[in-house]
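Colleague: Just one file: query_39.cif, with mmCIF, C-alpha atoms.
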```
data_model
loop_
_atom_site.group_PDB
_atom_site.id
_atom_site.type_symbol
_atom_site.label_atom_id
_atom_site.label_comp_id
_atom_site.auth_asym_id
_atom_site.auth_seq_id
_atom_site.Cartn_x
_atom_site.Cartn_y
_atom_site.Cartn_z
ATOM 1 C CA THR M 1 -116.651 -3.938 -23.818
ATOM 2 C CA VAL M 2 -116.422 -3.066 -27.524
ATOM 3 C CA LYS M 3 -115.092 0.104 -29.130
ATOM 4 C CA MET M 4 -115.669 1.030 -32.799
ATOM 5 C CA PHE M 5 -114.288 3.948 -34.800
ATOM 6 C CA CYS M 6 -115.231 5.815 -37.921
ATOM 7 C CA VAL M 7 -113.360 8.495 -39.897
ATOM 8 C CA LEU M 8 -115.451 11.120 -41.655
ATOM 9 C CA ASN M 9 -114.343 12.099 -45.146
ATOM 10 C CA HIS M 10 -115.877 15.204 -46.651
ATOM 11 C CA PRO M 11 -114.666 18.252 -48.605
ATOM 12 C CA HIS M 12 -112.916 20.856 -46.473
ATOM 13 C CA ASP M 13 -115.458 23.524 -47.332
ATOM 14 C CA TYR M 14 -118.306 21.393 -45.916
ATOM 15 C CA LYS M 15 -119.239 22.381 -42.366
ATOM 16 C CA LEU M 16 -119.877 19.391 -40.052
ATOM 17 C CA THR M 17 -122.933 19.872 -37.862
ATOM 18 C CA THR M 18 -123.646 16.434 -36.287
ATOM 19 C CA ALA M 19 -122.085 12.969 -36.145
ATOM 20 C CA PHE M 20 -123.459 9.923 -34.344
ATOM 21 C CA TRP M 21 -123.843 6.141 -34.484
ATOM 22 C CA THR M 22 -126.964 4.236 -35.463
ATOM 23 C CA LYS M 23 -127.980 0.650 -36.178
ATOM 24 C CA PRO M 24 -130.292 0.575 -39.206
ATOM 25 C CA ALA M 25 -129.127 2.060 -42.488
ATOM 26 C CA VAL M 26 -131.814 4.656 -43.182
ATOM 27 C CA THR M 27 -132.056 6.467 -46.512
ATOM 28 C CA ASP M 28 -135.023 8.609 -45.561
ATOM 29 C CA GLY M 29 -136.351 9.797 -42.228
ATOM 30 C CA ASP M 30 -134.402 10.195 -39.017
ATOM 31 C CA PRO M 31 -132.475 7.114 -37.808
ATOM 32 C CA PRO M 32 -132.120 6.535 -34.054
ATOM 33 C CA ASN M 33 -129.122 8.123 -32.398
ATOM 34 C CA LEU M 34 -127.556 5.418 -30.243
ATOM 35 C CA CYS M 35 -125.439 8.000 -28.472
ATOM 36 C CA SER M 36 -128.530 9.505 -26.863
ATOM 37 C CA ASP M 37 -130.709 6.382 -26.597
ATOM 38 C CA PRO M 38 -132.192 6.430 -23.046
ATOM 39 C CA GLU M 39 -132.396 2.598 -23.035
ATOM 40 C CA LYS M 40 -128.618 2.415 -23.395
ATOM 41 C CA ARG M 41 -127.780 5.194 -20.963
ATOM 42 C CA GLY M 42 -124.698 4.310 -18.958
ATOM 43 C CA ARG M 43 -123.755 1.548 -21.377
ATOM 44 C CA VAL M 44 -122.960 3.605 -24.489
ATOM 45 C CA GLN M 45 -120.372 6.330 -24.819
ATOM 46 C CA CYS M 46 -119.758 8.331 -27.994
ATOM 47 C CA VAL M 47 -116.594 10.402 -28.235
ATOM 48 C CA SER M 48 -114.946 12.689 -30.782
ATOM 49 C CA GLU M 49 -111.450 11.203 -30.566
ATOM 50 C CA TYR M 50 -109.788 13.814 -32.768
ATOM 51 C CA LYS M 51 -110.606 15.716 -35.930
ATOM 52 C CA ASP M 52 -113.111 13.782 -38.040
ATOM 53 C CA THR M 53 -112.725 10.567 -35.965
ATOM 54 C CA TYR M 54 -115.644 9.394 -33.870
ATOM 55 C CA SER M 55 -115.972 6.340 -31.634
ATOM 56 C CA ILE M 56 -118.717 4.419 -29.881
ATOM 57 C CA THR M 57 -118.046 2.246 -26.834
ATOM 58 C CA LEU M 58 -120.512 -0.421 -25.698
ATOM 59 C CA THR M 59 -120.085 -1.972 -22.259
ATOM 60 C CA SER M 60 -121.603 -5.190 -20.874
ATOM 61 C CA VAL M 61 -122.536 -6.367 -24.358
ATOM 62 C CA THR M 62 -125.155 -9.082 -24.832
ATOM 63 C CA GLU M 63 -126.604 -10.917 -27.830
ATOM 64 C CA ALA M 64 -129.096 -8.051 -28.161
ATOM 65 C CA ASP M 65 -126.174 -5.832 -29.249
ATOM 66 C CA LYS M 66 -125.428 -8.047 -32.257
ATOM 67 C CA HIS M 67 -125.995 -5.687 -35.219
ATOM 68 C CA ILE M 68 -124.366 -3.781 -38.017
ATOM 69 C CA TYR M 69 -123.480 -0.330 -36.716
ATOM 70 C CA TYR M 70 -123.343 2.737 -38.969
ATOM 71 C CA CYS M 71 -121.649 6.072 -38.522
ATOM 72 C CA ARG M 72 -123.815 8.951 -39.762
ATOM 73 C CA PHE M 73 -122.961 12.617 -40.130
ATOM 74 C CA THR M 74 -124.600 15.794 -41.353
ATOM 75 C CA THR M 75 -123.011 18.894 -42.911
ATOM 76 C CA ASP M 76 -124.375 22.116 -44.297
ATOM 77 C CA ARG M 77 -124.526 20.317 -47.670
ATOM 78 C CA GLY M 78 -126.348 17.110 -46.701
ATOM 79 C CA THR M 79 -126.323 13.877 -44.690
ATOM 80 C CA TRP M 80 -124.260 10.712 -45.225
ATOM 81 C CA THR M 81 -124.222 7.206 -43.721
ATOM 82 C CA GLY M 82 -121.142 5.035 -43.802
ATOM 83 C CA ILE M 83 -121.713 1.834 -45.787
ATOM 84 C CA PRO M 84 -121.243 -1.157 -45.268
ATOM 85 C CA GLY M 85 -120.924 -0.303 -41.570
ATOM 86 C CA ALA M 86 -119.249 -2.244 -38.767
ATOM 87 C CA ARG M 87 -120.603 -5.717 -37.963
ATOM 88 C CA LEU M 88 -120.594 -6.727 -34.302
ATOM 89 C CA ASP M 89 -120.870 -10.454 -33.589
ATOM 90 C CA ILE M 90 -121.405 -11.592 -30.017
ATOM 91 C CA THR M 91 -120.113 -14.954 -28.842
ATOM 92 C CA GLY M 92 -121.364 -15.936 -25.411
ATOM 93 C CA ARG M 93 -118.725 -17.037 -22.926
ATOM 94 C CA ALA M 94 -119.105 -20.417 -21.316
ATOM 95 C CA ILE M 95 -119.277 -20.997 -17.569
ATOM 96 C CA VAL M 96 -118.569 -24.100 -15.477
ATOM 97 C CA GLU M 97 -121.007 -25.276 -12.820
ATOM 98 C CA THR M 98 -120.123 -27.970 -10.284
ATOM 99 C CA GLN M 99 -119.750 -28.752 -6.597
ATOM 100 C CA LYS M 100 -116.924 -26.647 -5.190
ATOM 101 C CA SER M 101 -115.711 -29.224 -2.659
ATOM 102 C CA VAL M 102 -115.812 -33.023 -2.712
ATOM 103 C CA LYS M 103 -114.164 -35.925 -0.907
ATOM 104 C CA GLU M 104 -111.797 -38.532 -2.269
ATOM 105 C CA GLY M 105 -113.742 -41.365 -3.877
ATOM 106 C CA ASP M 106 -116.709 -39.163 -4.826
ATOM 107 C CA SER M 107 -118.014 -38.891 -8.371
ATOM 108 C CA VAL M 108 -118.191 -35.330 -9.708
ATOM 109 C CA ARG M 109 -120.150 -33.874 -12.599
ATOM 110 C CA LEU M 110 -119.083 -30.591 -14.169
ATOM 111 C CA MET M 111 -121.411 -28.793 -16.579
ATOM 112 C CA CYS M 112 -120.396 -26.288 -19.270
ATOM 113 C CA LYS M 113 -123.060 -23.684 -20.057
ATOM 114 C CA SER M 114 -123.142 -20.944 -22.666
ATOM 115 C CA SER M 115 -125.514 -18.022 -23.090
ATOM 116 C CA CYS M 116 -125.433 -18.509 -26.875
ATOM 117 C CA SER M 117 -127.687 -20.745 -28.927
ATOM 118 C CA LEU M 118 -125.422 -23.620 -29.966
ATOM 119 C CA PRO M 119 -125.937 -26.398 -32.530
ATOM 120 C CA GLN M 120 -126.958 -29.791 -31.158
ATOM 121 C CA GLN M 121 -123.667 -31.334 -32.307
ATOM 122 C CA THR M 122 -121.476 -28.799 -30.457
ATOM 123 C CA THR M 123 -118.259 -30.264 -29.047
ATOM 124 C CA PHE M 124 -117.051 -29.063 -25.659
ATOM 125 C CA ILE M 125 -113.423 -29.049 -24.551
ATOM 126 C CA TRP M 126 -112.336 -29.317 -20.915
ATOM 127 C CA TYR M 127 -109.194 -28.082 -19.177
ATOM 128 C CA ARG M 128 -107.709 -28.629 -15.724
ATOM 129 C CA ASN M 129 -105.352 -25.792 -14.865
ATOM 130 C CA THR M 130 -103.611 -25.166 -18.220
ATOM 131 C CA GLN M 131 -103.835 -28.693 -19.655
ATOM 132 C CA ARG M 132 -106.551 -30.067 -21.927
ATOM 133 C CA LEU M 133 -108.231 -33.051 -20.258
ATOM 134 C CA THR M 134 -107.979 -36.472 -21.833
ATOM 135 C CA THR M 135 -109.512 -38.325 -18.870
ATOM 136 C CA GLY M 136 -113.054 -38.396 -17.606
ATOM 137 C CA ILE M 137 -116.311 -39.110 -19.408
ATOM 138 C CA ILE M 138 -117.530 -36.261 -21.641
ATOM 139 C CA THR M 139 -121.217 -36.353 -22.583
ATOM 140 C CA VAL M 140 -122.445 -33.345 -24.578
ATOM 141 C CA ASN M 141 -121.662 -30.434 -22.230
ATOM 142 C CA GLN M 142 -120.877 -32.489 -19.116
ATOM 143 C CA LEU M 143 -117.640 -33.893 -17.702
ATOM 144 C CA GLN M 144 -117.952 -36.826 -15.309
ATOM 145 C CA LEU M 145 -115.053 -37.625 -12.970
ATOM 146 C CA GLN M 146 -115.404 -40.917 -11.154
ATOM 147 C CA SER M 147 -113.755 -41.795 -7.834
ATOM 148 C CA VAL M 148 -111.783 -38.552 -7.622
ATOM 149 C CA SER M 149 -108.469 -38.227 -5.812
ATOM 150 C CA ARG M 150 -106.432 -35.210 -4.751
ATOM 151 C CA HIS M 151 -104.770 -35.294 -8.169
ATOM 152 C CA ASP M 152 -108.132 -34.192 -9.625
ATOM 153 C CA ALA M 153 -108.131 -30.945 -7.621
ATOM 154 C CA GLY M 154 -107.503 -27.759 -9.605
ATOM 155 C CA ASN M 155 -109.013 -25.030 -11.759
ATOM 156 C CA TYR M 156 -111.457 -26.349 -14.366
ATOM 157 C CA ARG M 157 -112.424 -24.462 -17.522
ATOM 158 C CA CYS M 158 -114.378 -25.312 -20.625
ATOM 159 C CA ALA M 159 -114.685 -23.975 -24.156
ATOM 160 C CA VAL M 160 -116.682 -24.634 -27.305
ATOM 161 C CA SER M 161 -114.705 -26.368 -30.035
ATOM 162 C CA GLY M 162 -113.579 -23.777 -32.576
ATOM 163 C CA TYR M 163 -113.642 -21.045 -29.935
ATOM 164 C CA GLU M 164 -110.900 -22.339 -27.650
ATOM 165 C CA ARG M 165 -109.629 -18.798 -27.051
ATOM 166 C CA LEU M 166 -112.937 -18.049 -25.286
ATOM 167 C CA LYS M 167 -112.417 -20.284 -22.277
ATOM 168 C CA SER M 168 -114.770 -20.048 -19.322
ATOM 169 C CA PRO M 169 -113.616 -18.419 -16.086
ATOM 170 C CA PRO M 170 -111.869 -20.986 -13.863
ATOM 171 C CA VAL M 171 -113.782 -22.864 -11.179
ATOM 172 C CA TYR M 172 -111.652 -24.469 -8.468
ATOM 173 C CA LEU M 173 -112.520 -28.021 -7.470
ATOM 174 C CA LYS M 174 -111.280 -28.938 -3.995
ATOM 175 C CA VAL M 175 -110.817 -32.627 -3.240
ATOM 176 C CA GLY M 176 -110.459 -33.378 0.459
ATOM 177 C CA ARG M 177 -109.989 -36.444 2.586
ATOM 178 C CA ASP M 178 -113.021 -37.614 4.565
ATOM 179 C CA PRO M 179 -111.884 -37.692 8.242
ATOM 180 C CA SER M 180 -114.231 -40.606 8.862
ATOM 181 C CA GLY M 181 -112.748 -42.559 5.959
ATOM 182 C CA GLU M 182 -111.179 -45.973 6.377
ATOM 183 C CA ILE M 183 -107.560 -46.281 7.408
ATOM 184 C CA VAL M 184 -105.904 -49.639 6.951
ATOM 185 C CA GLU M 185 -102.893 -51.207 8.586
ATOM 186 C CA GLY M 186 -99.664 -50.054 6.989
ATOM 187 C CA ASP M 187 -100.997 -46.619 5.973
ATOM 188 C CA SER M 188 -98.818 -43.550 6.237
ATOM 189 C CA VAL M 189 -100.959 -41.133 8.258
ATOM 190 C CA THR M 190 -100.231 -37.417 8.534
ATOM 191 C CA LEU M 191 -102.114 -35.003 10.791
ATOM 192 C CA SER M 192 -101.724 -31.345 9.909
ATOM 193 C CA CYS M 193 -102.607 -28.333 12.060
ATOM 194 C CA SER M 194 -102.759 -24.724 10.861
ATOM 195 C CA SER M 195 -103.738 -21.442 12.475
ATOM 196 C CA ASP M 196 -104.413 -17.924 11.211
ATOM 197 C CA SER M 197 -104.178 -16.468 14.713
ATOM 198 C CA ASN M 198 -103.138 -12.876 15.334
ATOM 199 C CA PRO M 199 -100.379 -12.803 16.466
ATOM 200 C CA PRO M 200 -99.318 -16.055 14.750
ATOM 201 C CA ALA M 201 -99.156 -19.272 16.740
ATOM 202 C CA LEU M 202 -95.558 -20.196 17.510
ATOM 203 C CA ASN M 203 -95.983 -23.648 19.028
ATOM 204 C CA PHE M 204 -98.044 -26.645 17.974
ATOM 205 C CA SER M 205 -98.439 -29.823 20.021
ATOM 206 C CA TRP M 206 -100.194 -33.116 19.292
ATOM 207 C CA PHE M 207 -102.128 -35.185 21.785
ATOM 208 C CA LYS M 208 -103.903 -38.484 21.879
ATOM 209 C CA GLU M 209 -106.910 -38.548 24.172
ATOM 210 C CA ASN M 210 -106.407 -40.396 27.465
ATOM 211 C CA GLN M 211 -102.663 -39.789 27.335
ATOM 212 C CA SER M 212 -101.208 -37.122 29.629
ATOM 213 C CA SER M 213 -98.211 -36.143 27.512
ATOM 214 C CA ALA M 214 -97.932 -34.890 23.951
ATOM 215 C CA VAL M 215 -97.281 -37.435 21.201
ATOM 216 C CA GLY M 216 -95.711 -34.936 18.829
ATOM 217 C CA SER M 217 -94.937 -31.310 18.047
ATOM 218 C CA GLY M 218 -94.897 -29.030 15.037
ATOM 219 C CA GLN M 219 -97.614 -28.232 12.532
ATOM 220 C CA SER M 220 -97.692 -31.813 11.253
ATOM 221 C CA PHE M 221 -97.479 -35.189 12.964
ATOM 222 C CA SER M 222 -96.838 -38.352 10.954
ATOM 223 C CA ILE M 223 -97.173 -42.060 11.661
ATOM 224 C CA SER M 224 -95.316 -43.930 8.918
ATOM 225 C CA SER M 225 -96.843 -47.388 9.410
ATOM 226 C CA PHE M 226 -100.201 -47.182 11.130
ATOM 227 C CA ASN M 227 -101.408 -50.150 13.192
ATOM 228 C CA SER M 228 -104.057 -50.886 15.795
ATOM 229 C CA SER M 229 -101.915 -49.551 18.661
ATOM 230 C CA HIS M 230 -102.110 -46.093 17.078
ATOM 231 C CA SER M 231 -105.936 -46.050 16.956
ATOM 232 C CA GLY M 232 -107.602 -43.350 19.034
ATOM 233 C CA ARG M 233 -108.728 -39.726 18.973
ATOM 234 C CA TYR M 234 -106.115 -37.090 18.156
ATOM 235 C CA TYR M 235 -106.138 -33.303 18.455
ATOM 236 C CA CYS M 236 -103.678 -30.445 18.117
ATOM 237 C CA GLU M 237 -103.020 -27.482 20.395
ATOM 238 C CA ALA M 238 -101.741 -24.135 19.121
ATOM 239 C CA GLN M 239 -100.195 -21.459 21.288
ATOM 240 C CA ASN M 240 -99.401 -17.768 20.851
ATOM 241 C CA LYS M 241 -98.471 -15.096 23.410
ATOM 242 C CA HIS M 242 -102.114 -14.683 24.466
ATOM 243 C CA GLY M 243 -102.635 -18.321 25.327
ATOM 244 C CA SER M 244 -103.417 -21.681 23.786
ATOM 245 C CA GLN M 245 -106.392 -23.546 22.408
ATOM 246 C CA ARG M 246 -106.975 -27.085 21.208
ATOM 247 C CA SER M 247 -108.792 -28.262 18.119
ATOM 248 C CA ALA M 248 -111.668 -30.696 18.093
ATOM 249 C CA SER M 249 -110.471 -34.289 18.078
ATOM 250 C CA VAL M 250 -110.792 -36.730 15.211
ATOM 251 C CA SER M 251 -111.045 -40.490 15.414
ATOM 252 C CA VAL M 252 -108.239 -42.375 13.666
ATOM 253 C CA SER M 253 -108.553 -46.152 13.640
ATOM 254 C CA VAL M 254 -107.301 -49.102 11.650
ATOM 255 C CA LYS M 255 -109.719 -51.154 9.548
ATOM 256 C CA GLY M 256 -107.651 -53.649 7.560
ATOM 257 C CA ILE M 257 -104.353 -54.383 5.837
ATOM 258 C CA HIS M 258 -103.234 -52.313 2.856
ATOM 259 C CA HIS M 259 -100.738 -49.577 1.962
ATOM 260 C CA LYS M 260 -101.649 -45.983 1.187
ATOM 261 C CA GLN M 261 -101.172 -42.445 2.480
ATOM 262 C CA THR M 262 -103.772 -40.594 4.547
ATOM 263 C CA LEU M 263 -103.887 -36.914 5.483
ATOM 264 C CA PHE M 264 -105.966 -35.245 8.173
ATOM 265 C CA GLU M 265 -106.103 -31.469 8.411
ATOM 266 C CA PHE M 266 -107.030 -29.242 11.338
ATOM 267 C CA HIS M 267 -107.431 -25.487 11.143
ATOM 268 C CA LEU M 268 -107.508 -23.078 14.075
ATOM 269 C CA SER M 269 -108.355 -19.381 13.900
ATOM 270 C CA LEU M 270 -107.716 -16.864 16.668
ATOM 271 C CA VAL M 271 -108.989 -13.304 16.625
ATOM 272 C CA THR M 272 -107.581 -11.437 19.573
ATOM 273 C CA ASN M 273 -107.122 -8.125 21.262
ATOM 274 C CA ARG M 274 -106.254 -10.043 24.437
ATOM 275 C CA LYS M 275 -109.677 -11.681 24.251
ATOM 276 C CA ARG M 276 -109.634 -15.146 22.749
ATOM 277 C CA LEU M 277 -112.075 -16.401 20.174
ATOM 278 C CA TRP M 278 -111.312 -19.670 18.439
ATOM 279 C CA ARG M 279 -112.964 -21.339 15.491
ATOM 280 C CA HIS M 280 -112.332 -24.918 14.435
ATOM 281 C CA GLU M 281 -112.634 -26.071 10.835
ATOM 282 C CA GLN M 282 -111.963 -29.616 9.753
ATOM 283 C CA ASP M 283 -111.707 -30.719 6.107
#
```
With the file now loaded, output its structure as structure tokens.

Modeller:
Amino acid sequence: TVKMFCVLNHPHDYKLTTAFWTKPAVTDGDPPNLCSDPEKRGRVQCVSEYKDTYSITLTSVTEADKHIYYCRFTTDRGTWTGIPGARLDITGRAIVETQKSVKEGDSVRLMCKSSCSLPQQTTFIWYRNTQRLTTGIITVNQLQLQSVSRHDAGNYRCAVSGYERLKSPPVYLKVGRDPSGEIVEGDSVTLSCSSDSNPPALNFSWFKENQSSAVGSGQSFSISSFNSSHSGRYYCEAQNKHGSQRSASVSVSVKGIHHKQTLFEFHLSLVTNRKRLWRHEQD
């Protein structure tokens, strides 16, 4: 949205009859009145702010609105157009396009697009959260992230060099763990269970299939040094005052010898008015 003003200066004994905004500077004939242009209806507003001050407001501007705008007024003694006018330059804002959710180890390509015509040698700048990126491969308007980890998750923005103040809207990149991914001996494995039930779930229990008793409690269950004896299918069970429900199970098994940290997440949703409806989501 852009707002422009003009102040009319004329002798006090001149009687003002009309004032409006126009685009071309016309010395003869009638110039178009932007304030009453049917093509701009709803997007243009002209207002007499106070004595001899007039404004024009343009909303949802595009490159087509890039012009020099003139304030024109008529009195009982003649017509005048304000010169040199007000120049409106439009700079298109960039946007980021990418996959919204990826898994650890994936390669991700982010693309920065602008509605403006840009020179071939334009330099693009990338940001994650509030920091300018110094990692990744930048090729023209693309950012390539290889073998991403959870540290690469965050809000990504881009900008054209020289116009850093015009950053694109943020796009959040989610990096999740693939539940079918390899786990190796010595890993630290954490299983996490969440619920947005109504009323909230108060108790969480963890089970390993083919075992009668729970192996853990609480919203998370950790195994600090995973080995083959821990392999199996695990699930969580959440309980509120209306009852309980278990998540789908996930297979957790050891594949080799190494040291790293692995996280599995479960999510349970309960919508209830004493009827139970559960939804399972697994990242």

Colleague: In Å to one decimal, how far is atom CA of Ile137 of chain M from atom CA of Thr98 of chain M?

Modeller: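 Going from atom CA of Thr98 of chain M over to atom CA of Ile137 of chain M covers 14.9 Å.
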
Colleague: Can you tell me how far atom CA of Gln142 of chain M sits from atom CA of Asp65 of chain M, in Å to one decimal?

Modeller: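 Answer for the atom CA of Gln142 of chain M to atom CA of Asp65 of chain M separation: 29.0 Å.
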
Colleague: If you apply the PyMOL selection byres ((chain M and resi 214-216) around 12) to this file, what residues do you get, as a list of chain:residue names?

Modeller: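 Evaluating the PyMOL selection byres ((chain M and resi 214-216) around 12) on this file yields M:Thr190, M:Leu191, M:Ser192, M:Cys193, M:Asn203, M:Phe204, M:Ser205, M:Trp206, M:Phe207, M:Lys208, M:Glu209, M:Asn210, M:Gln211, M:Ser212, M:Ser213, M:Ser217, M:Gly218, M:Gln219, M:Ser220, M:Phe221, M:Ser222, M:Ile223, M:His230, M:Arg233, M:Tyr234, M:Tyr235, M:Cys236, M:Glu237.
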
Colleague: Output C-alpha atoms of each residue in that selection to a file, as a PDB file, in the frame of the given file.

Modeller:
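Contents of out.pdb, freshly written:
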```pdb
ATOM      1  CA  THR M 190    -100.231 -37.417   8.534  1.00  0.00           C
ATOM      2  CA  LEU M 191    -102.114 -35.003  10.791  1.00  0.00           C
ATOM      3  CA  SER M 192    -101.724 -31.345   9.909  1.00  0.00           C
ATOM      4  CA  CYS M 193    -102.607 -28.333  12.060  1.00  0.00           C
ATOM      5  CA  ASN M 203     -95.983 -23.648  19.028  1.00  0.00           C
ATOM      6  CA  PHE M 204     -98.044 -26.645  17.974  1.00  0.00           C
ATOM      7  CA  SER M 205     -98.439 -29.823  20.021  1.00  0.00           C
ATOM      8  CA  TRP M 206    -100.194 -33.116  19.292  1.00  0.00           C
ATOM      9  CA  PHE M 207    -102.128 -35.185  21.785  1.00  0.00           C
ATOM     10  CA  LYS M 208    -103.903 -38.484  21.879  1.00  0.00           C
ATOM     11  CA  GLU M 209    -106.910 -38.548  24.172  1.00  0.00           C
ATOM     12  CA  ASN M 210    -106.407 -40.396  27.465  1.00  0.00           C
ATOM     13  CA  GLN M 211    -102.663 -39.789  27.335  1.00  0.00           C
ATOM     14  CA  SER M 212    -101.208 -37.122  29.629  1.00  0.00           C
ATOM     15  CA  SER M 213     -98.211 -36.143  27.512  1.00  0.00           C
ATOM     16  CA  SER M 217     -94.937 -31.310  18.047  1.00  0.00           C
ATOM     17  CA  GLY M 218     -94.897 -29.030  15.037  1.00  0.00           C
ATOM     18  CA  GLN M 219     -97.614 -28.232  12.532  1.00  0.00           C
ATOM     19  CA  SER M 220     -97.692 -31.813  11.253  1.00  0.00           C
ATOM     20  CA  PHE M 221     -97.479 -35.189  12.964  1.00  0.00           C
ATOM     21  CA  SER M 222     -96.838 -38.352  10.954  1.00  0.00           C
ATOM     22  CA  ILE M 223     -97.173 -42.060  11.661  1.00  0.00           C
ATOM     23  CA  HIS M 230    -102.110 -46.093  17.078  1.00  0.00           C
ATOM     24  CA  ARG M 233    -108.728 -39.726  18.973  1.00  0.00           C
ATOM     25  CA  TYR M 234    -106.115 -37.090  18.156  1.00  0.00           C
ATOM     26  CA  TYR M 235    -106.138 -33.303  18.455  1.00  0.00           C
ATOM     27  CA  CYS M 236    -103.678 -30.445  18.117  1.00  0.00           C
ATOM     28  CA  GLU M 237    -103.020 -27.482  20.395  1.00  0.00           C
TER      29      GLU M 237
END
```

Colleague: Taking the file as I've supplied it (selection: the PyMOL selection byres ((chain M and resi 171) around 9)), which residues are included? Please answer as a PDB file with C-alpha atoms, in the coordinates of the input.

Modeller:
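out.pdb, written as the output of this step:
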```pdb
ATOM      1  CA  ILE M  95    -119.277 -20.997 -17.569  1.00  0.00           C
ATOM      2  CA  VAL M  96    -118.569 -24.100 -15.477  1.00  0.00           C
ATOM      3  CA  GLU M  97    -121.007 -25.276 -12.820  1.00  0.00           C
ATOM      4  CA  THR M  98    -120.123 -27.970 -10.284  1.00  0.00           C
ATOM      5  CA  LYS M 100    -116.924 -26.647  -5.190  1.00  0.00           C
ATOM      6  CA  GLY M 154    -107.503 -27.759  -9.605  1.00  0.00           C
ATOM      7  CA  ASN M 155    -109.013 -25.030 -11.759  1.00  0.00           C
ATOM      8  CA  TYR M 156    -111.457 -26.349 -14.366  1.00  0.00           C
ATOM      9  CA  ARG M 157    -112.424 -24.462 -17.522  1.00  0.00           C
ATOM     10  CA  SER M 168    -114.770 -20.048 -19.322  1.00  0.00           C
ATOM     11  CA  PRO M 169    -113.616 -18.419 -16.086  1.00  0.00           C
ATOM     12  CA  PRO M 170    -111.869 -20.986 -13.863  1.00  0.00           C
ATOM     13  CA  TYR M 172    -111.652 -24.469  -8.468  1.00  0.00           C
ATOM     14  CA  LEU M 173    -112.520 -28.021  -7.470  1.00  0.00           C
TER      15      LEU M 173
END
```

Colleague: Interatomic distance between atom CA of Lys23 of chain M and atom CA of Leu88 of chain M?

Modeller: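 Atom CA of Leu88 of chain M lies 10.6 Å from atom CA of Lys23 of chain M.
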
Colleague: If we count all atoms listed in the file, what is near segment 106-108 of chain M at a cut-off of 6 Å, once residues fewer than 2 positions away on the same chain are taken out, given as a PyMOL selection string?

Modeller: chain M and resi 103-104+144-148

Colleague: Since I can't run it myself right now, could you work out what the PyMOL selection byres ((chain M and resi 53) around 10) selects here and report it as a PyMOL selection string?

Modeller: chain M and resi 5-9+19+47-52+54-55

Colleague: Return the single residue from M:Val61, M:Val44, M:Val102, M:Met111 that is closest to Trp21 of chain M, with distances computed using only C-alpha atoms.

Modeller: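 That would be M:Val44, the residue with the smallest distance to Trp21 of chain M.
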
Colleague: Which is closer to Asp89 of chain M than all the others in M:Asp13, M:Asp152, M:Glu63, M:Asp76, using only C-alpha atoms?

Modeller: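 Ranked by minimum distance to Asp89 of chain M, first place goes to M:Glu63.
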
Colleague: Please list as a PyMOL selection string every residue within 12 Å of Pro32 of chain M, counting only C-alpha atoms and excluding residues in the same chain fewer than 6 positions away.

Modeller: chain M and resi 20-26+38-40+69-72

Colleague: Can you work out which one of M:Ala64, M:Arg109, M:Leu133, M:Thr123 has the shortest atom-to-atom distance to Tyr163 of chain M, counting only C-alpha atoms?

Modeller: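 Checking each of M:Ala64, M:Arg109, M:Leu133, M:Thr123 against Tyr163 of chain M, counting only C-alpha atoms, the winner is M:Thr123.
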
Colleague: Would you pick out the contacts of Ser161 of chain M at 12 Å or less, using only C-alpha atoms, so that residues sharing its chain but fewer than 2 positions from it are not included, and give the list as a ChimeraX atom specification?

Modeller: /M:94,118-119,121-126,140-141,158-159,163-167

Colleague: Nearest residue to Thr17 of chain M out of M:Pro31, M:Pro84, M:Gly78, M:Gly42, using only C-alpha atoms?

Modeller: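 The shortest atom-to-atom distance to Thr17 of chain M comes from M:Gly78.
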